[in-house]
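This report concerns only the one structure given below.
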Amino acid sequence: MALLFGWLGASAAHGQAAVLPTAAIKAAPQPKPKASPTTAADVTLLPGPGSLPVTGVFTLAFRLRDKALDTYSEFPELEGFKKSGKTSTTTTRIVQGRRFSDLIITQRYVPYGEGEYVIKPFQLTVNGVVVRSSGSLVRVGPAPPAATPPSADPPPAAVLVAPPASAPGTPLGAAPVTGPANPAAGLPATPPASPSALTPPANPTAPLQAVGDLDKLFGKPKPALYQELHDRAFLAVVADRQSVFVGEGVRVGLYFYLTPPDQAMLAFHDFSNQLPPLLRALHQSTAWQEPGPEPSITPDTVRSQGQLYLRFRLAENVYYPLTPQALTFPALALTMVKFKFLKKPEPGQDNRLAGYKSYLSAGTAVQVRPLPPHPQGGVVPVGNFRLGEAISRAAFRVGQSITYTFGVEGRGNLSAVLAPVFSAYPGLEVYGPEVREQATSGGGRKLFRYRLVAREPGTIPLDSLVRLVVFNPVTVRYDTLRPGIRPTARGELAVPIALPKPEDDPFYGPALAEADTRLQSLDVYRDVHRYASWLLLGLVGVAGFGWWRAGRSS
């Protein structure tokens with residue numbers, strides 16, 4: 001009996017020990033498999049259409065296969081398009097027990113207007129993988145004719161195409177799916193398509209493709225819902241006078257005017273590329289052109305016919321005609337971005353639709369009149385000038401130098417004002433002038449500084465020694481600018497001191513008396529160079545002969 005009870009106890013203990021390891025193995029946690037990194041084969045860039053109507057939507061997208069989306073960079077800004085939101089589409093299917101998923105992120109763009117737009121090369125970074133696009137050309141055409149009213153039943157948002165159920169090896173989870181993406185949204189259901197109506201794909205194991213009209217699913221800007229407000233903006237070429245003389249300056253500017261309420265509906269479009277052709281059109285081949293200030297983004301406030309305007313200065317120059325030919329400025333055009341506004345604004349939304357509007361200026365001409373004849377002839381500066389003079393000392397001693405400044409200031413072309421020339425005067429030496437110019441828009445100041453040295457006492461009549469003839473277009477006559485200062489030189493007449501003769505010098509006198517008076521040949525240095533060359537060649541020959549004899553003796 002004792003042996004029987006001992007054998008039963010050992011069997012029970014052995015059974016418990018056999019169960020414990022099994023339970024421990026079942027309770028041990030299973031390690032989760034690590035997610036594989038995203039590779040370039042997992043990310044595909046989906047380009048947009050090559051052409052679309054102006055009411056359509058251009059899209060850029062990327063597809064991520066069988067990977068979770070961690071991070072991705074922003075889609076690029078496209079010239080001629082405006083971003084209009086993003087969409088995300090996920091497609092999942094199960095084939096032979098394996099799960100496949102595709103994630104598509106789509107960026108929508110709305111065109112501003114018709115035309116051809118170049119999509120520049122860009123790149124996107126998805127989960128650390130960089131995908132690149134080489135760019136493309138997109139043509140935006142006119143809007144299509146009016147379609148069926150929105151009240152009609154819309155087509156299904158998406159149709160998932162899968163192999164038919166009768167295909168061999170196709171599980172139940174991959175059966176064709178048709179109808180609206182969200183039945184709870186109230187969209188009408190679509191009857192399932194028959195298996196014979198579906199075309200099986202070439203690769204049954206490939207992921208499903210989602211095909212849908214995003215415009216009908218998410219909506220797009222409808223021009224009929226927007227209204228264009230009237231604006232009072234205009235482009236003008238303005239000249240400050242309609243008639244000038246040859247050489248007289250006329251200021252011509254290209255300005256864009258708009259009222260303060262127009263700022264909300266207008267914006268500049270591609271101004272850096274539109275400005276150079278406008279500047280070339282304003283150039284005049286028969287006039288000296290003085291550039292004005294740079295175009296300003298800060299408008300000036302002006303009033304015209306009782307209306308307050310904001311004036312943008314696009315270009316402004318001062319022209320000085322060189323011939324009696326009229327200055328003709330053609331009509332110019334400027335394209336602006338003009339926004340339309342929703343008839344029923346929605347809070348939190350961009351209630352504007354961008355478009356283009358071109359503003360055309362009227363051409364203008366400035367008549368040029370010739371100058372009246374002048375007895376002296378020659379080139380005469382034209383302008384409303386006045387004389388400003390200065391002198392370092394009005395009274396000075398004979399032999400001292402003084403500084404006299406002849407200044408011309410006013411409105412006119414300072415480049416045409418040349419330095420006046422002093423007439424010859426006995427006992428007066430004139431040096432200079434030094435020219436300094438302080439230019440301003442349409443005029444300025446020009447200074448001519450001379451240095452005078454008097455050799456005889458007396459009053460120096462500057463008014464008869466120097467003068468400048470100008471034509472004043474205000475008074476329509478010639479004016480002569482003469483100095484009003486009359487400096488006085490005091491002291492005795494400066495008698496020039498004779499220079500000592502070389503023969504009287506204690507050093508050079510005897511040397512000159514003993515110098516050889518015979519003429520020397522001009523080729524003496526050339527002969528010395530030739531003789532020295534011959535001597536060197538002889539020495540080299542002697543040295544070579546000695547080296548040869550020493551070699552034979554050894």
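Here, A, B, ... name the chains of the structure tokens in the order displayed, residue numbers run from 1 inside each chain, and ligands are numbered from 1 in the same displayed order.
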
Counting only C-alpha atoms, give me one row per residue of segment 327-417 of chain A with an atom at most 7 Å from an atom of segment 473-491 of chain A, showing the shortest contact pair and its distance in Å to one decimal, sorted by chain then residue number, as a Markdown table.
```
| residue | atom | partner | partner_atom | distance |
| --- | --- | --- | --- | --- |
| A:Val382 | CA | A:Pro473 | CA | 7.0 |
| A:Gly383 | CA | A:Pro473 | CA | 6.3 |
| A:Asn384 | CA | A:Pro473 | CA | 6.9 |
| A:Leu387 | CA | A:Leu481 | CA | 6.1 |
| A:Ala394 | CA | A:Pro487 | CA | 4.5 |
| A:Ala395 | CA | A:Thr488 | CA | 4.8 |
| A:Phe396 | CA | A:Ala489 | CA | 5.1 |
| A:Arg397 | CA | A:Arg490 | CA | 4.8 |
| A:Val398 | CA | A:Ala489 | CA | 5.5 |
```

Can you list, as a PyMOL selection string, every protein, DNA or RNA residue that comes within 9 Å of Glu248 of chain A when you count only C-alpha atoms, leaving out same-chain residues fewer than 5 positions away?
chain A and resi 319-321+368+381-383+412-413+473

Just-selected residues, C-alpha atoms written as a compact mmCIF listing (two decimals), in the first residue's frame:
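In the end it all went to again.txt:
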```
# COMPACT_ATOMS: atom_id res chain seq x y z
CA TYR A 319 13.09 114.70 -71.08
CA TYR A 320 15.13 117.52 -72.66
CA PRO A 321 14.41 117.64 -76.43
CA VAL A 368 8.65 121.08 -79.20
CA PRO A 381 21.60 126.34 -72.05
CA VAL A 382 17.83 126.44 -71.60
CA GLY A 383 16.33 126.87 -68.17
CA GLY A 412 17.01 123.11 -66.36
CA ASN A 413 19.47 120.68 -67.87
CA PRO A 473 11.65 129.67 -71.27
```

Rounded to one decimal in Å, what is the spacing between atom CA of Thr301 of chain A and atom CA of Arg251 of chain A?
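Value for the atom CA of Thr301 of chain A-atom CA of Arg251 of chain A distance: 18.9 Å.
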
Near segment 233-245 of chain A, counting only C-alpha atoms, which residues have an atom at most 8 Å away, once you skip same-chain residues fewer than 4 positions from it, shown as an NGL selection string?
:A and (249-259 or 262 or 321 or 324 or 329 or 333-334 or 359-371 or 473)

Please, could you write that set of residues out with N, CA and C atoms as a PDB file, in the first residue's frame?
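Output below, filename out_7.pdb:
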```
ATOM      1  N   GLY A 249      13.158 121.117 -70.156  1.00  0.00           N
ATOM      2  CA  GLY A 249      12.767 119.842 -69.584  1.00  0.00           C
ATOM      3  C   GLY A 249      11.263 119.696 -69.426  1.00  0.00           C
ATOM      4  N   VAL A 250      10.775 118.482 -69.673  1.00  0.00           N
ATOM      5  CA  VAL A 250       9.377 118.143 -69.462  1.00  0.00           C
ATOM      6  C   VAL A 250       9.340 116.836 -68.687  1.00  0.00           C
ATOM      7  N   ARG A 251       8.567 116.809 -67.623  1.00  0.00           N
ATOM      8  CA  ARG A 251       8.460 115.618 -66.789  1.00  0.00           C
ATOM      9  C   ARG A 251       7.277 114.778 -67.265  1.00  0.00           C
ATOM     10  N   VAL A 252       7.541 113.508 -67.557  1.00  0.00           N
ATOM     11  CA  VAL A 252       6.521 112.578 -68.046  1.00  0.00           C
ATOM     12  C   VAL A 252       6.532 111.363 -67.123  1.00  0.00           C
ATOM     13  N   GLY A 253       5.368 110.997 -66.637  1.00  0.00           N
ATOM     14  CA  GLY A 253       5.262 109.868 -65.729  1.00  0.00           C
ATOM     15  C   GLY A 253       4.158 108.910 -66.141  1.00  0.00           C
ATOM     16  N   LEU A 254       4.369 107.651 -65.802  1.00  0.00           N
ATOM     17  CA  LEU A 254       3.359 106.608 -65.995  1.00  0.00           C
ATOM     18  C   LEU A 254       2.808 106.265 -64.616  1.00  0.00           C
ATOM     19  N   TYR A 255       1.513 106.509 -64.413  1.00  0.00           N
ATOM     20  CA  TYR A 255       0.889 106.360 -63.098  1.00  0.00           C
ATOM     21  C   TYR A 255      -0.331 105.455 -63.208  1.00  0.00           C
ATOM     22  N   PHE A 256      -0.587 104.747 -62.111  1.00  0.00           N
ATOM     23  CA  PHE A 256      -1.796 103.941 -62.000  1.00  0.00           C
ATOM     24  C   PHE A 256      -2.628 104.516 -60.858  1.00  0.00           C
ATOM     25  N   TYR A 257      -3.853 104.921 -61.191  1.00  0.00           N
ATOM     26  CA  TYR A 257      -4.747 105.572 -60.229  1.00  0.00           C
ATOM     27  C   TYR A 257      -5.849 104.591 -59.825  1.00  0.00           C
ATOM     28  N   LEU A 258      -6.201 104.618 -58.565  1.00  0.00           N
ATOM     29  CA  LEU A 258      -7.346 103.845 -58.074  1.00  0.00           C
ATOM     30  C   LEU A 258      -7.867 104.513 -56.818  1.00  0.00           C
ATOM     31  N   THR A 259      -9.140 104.326 -56.569  1.00  0.00           N
ATOM     32  CA  THR A 259      -9.764 104.881 -55.374  1.00  0.00           C
ATOM     33  C   THR A 259      -9.485 103.973 -54.181  1.00  0.00           C
ATOM     34  N   ASP A 262     -11.029 100.562 -54.183  1.00  0.00           N
ATOM     35  CA  ASP A 262     -10.558  99.628 -55.210  1.00  0.00           C
ATOM     36  C   ASP A 262      -9.413  98.754 -54.727  1.00  0.00           C
ATOM     37  N   PRO A 321      14.349 117.851 -74.974  1.00  0.00           N
ATOM     38  CA  PRO A 321      14.408 117.644 -76.432  1.00  0.00           C
ATOM     39  C   PRO A 321      15.674 118.236 -77.024  1.00  0.00           C
ATOM     40  N   PRO A 324      13.616 119.939 -82.787  1.00  0.00           N
ATOM     41  CA  PRO A 324      12.219 120.416 -82.736  1.00  0.00           C
ATOM     42  C   PRO A 324      11.185 119.323 -82.973  1.00  0.00           C
ATOM     43  N   PHE A 329       4.387 109.676 -77.058  1.00  0.00           N
ATOM     44  CA  PHE A 329       4.327 108.548 -76.126  1.00  0.00           C
ATOM     45  C   PHE A 329       3.113 107.692 -76.490  1.00  0.00           C
ATOM     46  N   ALA A 333      -0.372  99.433 -71.847  1.00  0.00           N
ATOM     47  CA  ALA A 333      -1.332  98.534 -71.198  1.00  0.00           C
ATOM     48  C   ALA A 333      -0.679  97.892 -69.982  1.00  0.00           C
ATOM     49  N   LEU A 334      -1.467  97.727 -68.935  1.00  0.00           N
ATOM     50  CA  LEU A 334      -1.029  97.088 -67.694  1.00  0.00           C
ATOM     51  C   LEU A 334      -2.094  96.087 -67.270  1.00  0.00           C
ATOM     52  N   TYR A 359      -5.681  97.386 -68.237  1.00  0.00           N
ATOM     53  CA  TYR A 359      -5.978  98.821 -68.257  1.00  0.00           C
ATOM     54  C   TYR A 359      -5.100  99.458 -69.341  1.00  0.00           C
ATOM     55  N   LEU A 360      -5.722 100.244 -70.201  1.00  0.00           N
ATOM     56  CA  LEU A 360      -5.053 100.863 -71.336  1.00  0.00           C
ATOM     57  C   LEU A 360      -5.026 102.369 -71.146  1.00  0.00           C
ATOM     58  N   SER A 361      -3.843 102.939 -71.284  1.00  0.00           N
ATOM     59  CA  SER A 361      -3.704 104.389 -71.159  1.00  0.00           C
ATOM     60  C   SER A 361      -3.842 105.033 -72.542  1.00  0.00           C
ATOM     61  N   ALA A 362      -4.176 106.288 -72.529  1.00  0.00           N
ATOM     62  CA  ALA A 362      -4.239 107.057 -73.770  1.00  0.00           C
ATOM     63  C   ALA A 362      -2.854 107.598 -74.098  1.00  0.00           C
ATOM     64  N   GLY A 363      -2.502 107.596 -75.369  1.00  0.00           N
ATOM     65  CA  GLY A 363      -1.223 108.156 -75.773  1.00  0.00           C
ATOM     66  C   GLY A 363      -1.221 109.672 -75.641  1.00  0.00           C
ATOM     67  N   THR A 364      -0.042 110.240 -75.538  1.00  0.00           N
ATOM     68  CA  THR A 364       0.088 111.686 -75.414  1.00  0.00           C
ATOM     69  C   THR A 364       1.296 112.144 -76.212  1.00  0.00           C
ATOM     70  N   ALA A 365       1.327 113.432 -76.525  1.00  0.00           N
ATOM     71  CA  ALA A 365       2.425 114.021 -77.296  1.00  0.00           C
ATOM     72  C   ALA A 365       2.763 115.380 -76.705  1.00  0.00           C
ATOM     73  N   VAL A 366       4.046 115.716 -76.744  1.00  0.00           N
ATOM     74  CA  VAL A 366       4.540 117.008 -76.264  1.00  0.00           C
ATOM     75  C   VAL A 366       5.155 117.736 -77.456  1.00  0.00           C
ATOM     76  N   GLN A 367       4.602 118.900 -77.796  1.00  0.00           N
ATOM     77  CA  GLN A 367       5.108 119.680 -78.913  1.00  0.00           C
ATOM     78  C   GLN A 367       6.399 120.397 -78.512  1.00  0.00           C
ATOM     79  N   VAL A 368       7.347 120.469 -79.440  1.00  0.00           N
ATOM     80  CA  VAL A 368       8.651 121.079 -79.200  1.00  0.00           C
ATOM     81  C   VAL A 368       8.816 122.271 -80.131  1.00  0.00           C
ATOM     82  N   ARG A 369       9.095 123.445 -79.542  1.00  0.00           N
ATOM     83  CA  ARG A 369       9.267 124.670 -80.315  1.00  0.00           C
ATOM     84  C   ARG A 369      10.754 125.008 -80.431  1.00  0.00           C
ATOM     85  N   PRO A 370      11.191 125.496 -81.592  1.00  0.00           N
ATOM     86  CA  PRO A 370      12.614 125.875 -81.730  1.00  0.00           C
ATOM     87  C   PRO A 370      12.910 127.160 -80.969  1.00  0.00           C
ATOM     88  N   LEU A 371      14.180 127.348 -80.639  1.00  0.00           N
ATOM     89  CA  LEU A 371      14.595 128.561 -79.937  1.00  0.00           C
ATOM     90  C   LEU A 371      14.641 129.737 -80.908  1.00  0.00           C
ATOM     91  N   PRO A 473      12.930 129.990 -70.615  1.00  0.00           N
ATOM     92  CA  PRO A 473      11.654 129.667 -71.268  1.00  0.00           C
ATOM     93  C   PRO A 473      10.456 130.333 -70.594  1.00  0.00           C
TER      94      PRO A 473
END
```

Non-local contacts of Glu228 of chain A (10 Å; only C-alpha atoms; under 4 positions in same chain excluded) as a count of residues only:
11

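Distances from A:Ser533, A:Thr71, A:Thr44, A:Thr87 to Asp102 of chain A were compared using only C-alpha atoms, and the smallest one belongs to A:Thr44.
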
Pairwise distance, atom CA of Glu389 of chain A with atom CA of Val318 of chain A, equals 27.5 Å

Could you pull out all residues of segment 318-470 of chain A with a DSSP call of helix (DSSP H, G or I) and give them as an mmCIF file with all heavy atoms, in the first residue's frame?
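Ended up saving to selection05.cif:
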```cif
data_model
loop_
_atom_site.group_PDB
_atom_site.id
_atom_site.type_symbol
_atom_site.label_atom_id
_atom_site.label_comp_id
_atom_site.auth_asym_id
_atom_site.auth_seq_id
_atom_site.Cartn_x
_atom_site.Cartn_y
_atom_site.Cartn_z
ATOM 1 N N LEU A 414 21.371 120.799 -66.357
ATOM 2 C CA LEU A 414 22.699 121.241 -65.940
ATOM 3 C C LEU A 414 23.794 120.631 -66.798
ATOM 4 O O LEU A 414 24.897 121.185 -66.872
ATOM 5 C CB LEU A 414 22.934 120.879 -64.473
ATOM 6 C CG LEU A 414 22.107 121.668 -63.437
ATOM 7 C CD1 LEU A 414 22.431 121.173 -62.047
ATOM 8 C CD2 LEU A 414 22.388 123.153 -63.548
ATOM 9 N N SER A 415 23.523 119.492 -67.446
ATOM 10 C CA SER A 415 24.543 118.893 -68.299
ATOM 11 C C SER A 415 24.868 119.771 -69.497
ATOM 12 O O SER A 415 25.954 119.662 -70.074
ATOM 13 C CB SER A 415 24.087 117.514 -68.774
ATOM 14 O OG SER A 415 23.842 116.658 -67.681
ATOM 15 N N ALA A 416 23.940 120.635 -69.890
ATOM 16 C CA ALA A 416 24.180 121.540 -71.018
ATOM 17 C C ALA A 416 24.877 122.826 -70.595
ATOM 18 O O ALA A 416 25.238 123.629 -71.466
ATOM 19 C CB ALA A 416 22.859 121.878 -71.706
ATOM 20 N N LEU A 462 35.386 141.741 -63.265
ATOM 21 C CA LEU A 462 34.924 140.387 -63.585
ATOM 22 C C LEU A 462 33.686 140.393 -64.476
ATOM 23 O O LEU A 462 33.471 139.466 -65.258
ATOM 24 C CB LEU A 462 34.623 139.616 -62.291
ATOM 25 C CG LEU A 462 35.830 139.271 -61.409
ATOM 26 C CD1 LEU A 462 35.361 138.533 -60.164
ATOM 27 C CD2 LEU A 462 36.830 138.421 -62.182
ATOM 28 N N ASP A 463 32.837 141.427 -64.357
ATOM 29 C CA ASP A 463 31.611 141.446 -65.139
ATOM 30 C C ASP A 463 31.870 141.541 -66.630
ATOM 31 O O ASP A 463 31.013 141.160 -67.450
ATOM 32 C CB ASP A 463 30.727 142.607 -64.697
ATOM 33 C CG ASP A 463 31.464 143.940 -64.734
ATOM 34 O OD1 ASP A 463 32.714 143.916 -64.865
ATOM 35 O OD2 ASP A 463 30.811 144.978 -64.608
ATOM 36 N N SER A 464 33.058 142.022 -67.014
ATOM 37 C CA SER A 464 33.384 142.094 -68.431
ATOM 38 C C SER A 464 34.334 140.988 -68.861
ATOM 39 O O SER A 464 34.619 140.872 -70.066
ATOM 40 C CB SER A 464 34.016 143.457 -68.767
ATOM 41 O OG SER A 464 35.202 143.650 -68.006
ATOM 42 N N LEU A 465 34.792 140.172 -67.904
ATOM 43 C CA LEU A 465 35.729 139.103 -68.237
ATOM 44 C C LEU A 465 35.042 137.748 -68.396
ATOM 45 O O LEU A 465 35.510 136.906 -69.148
ATOM 46 C CB LEU A 465 36.818 139.004 -67.151
ATOM 47 C CG LEU A 465 37.703 140.236 -66.977
ATOM 48 C CD1 LEU A 465 38.731 139.980 -65.881
ATOM 49 C CD2 LEU A 465 38.394 140.606 -68.282
#
```

Between A:Glu346, A:Glu316, A:Asp523, A:Glu429, which has the minimum distance to Thr403 of chain A (counting only C-alpha atoms)?
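Nearest candidate to Thr403 of chain A out of A:Glu346, A:Glu316, A:Asp523, A:Glu429: A:Glu429.
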
Take atom CA of Leu332 of chain A and atom CA of Gln307 of chain A and report the distance between them in Å, one decimal.
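Distance reported for this atom pair: 23.6 Å.
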
Can you pull out every residue within 8 Å of Leu428 of chain A, counting only C-alpha atoms, but drop anything in the same chain fewer than 5 positions away, and send it as a PyMOL selection string?
chain A and resi 452-456

Residue list (strand (DSSP E), DSSP) for segment 58-119 of chain A, as a PyMOL selection string
chain A and resi 58-65+81-95+98-111+115-119

For Val421 of chain A, please output as a ChimeraX atom specification all residues within 12 Å (counting only C-alpha atoms; exclusion window: fewer than 5 positions along the same chain).
/A:406,430-433,448-450,462,464-469
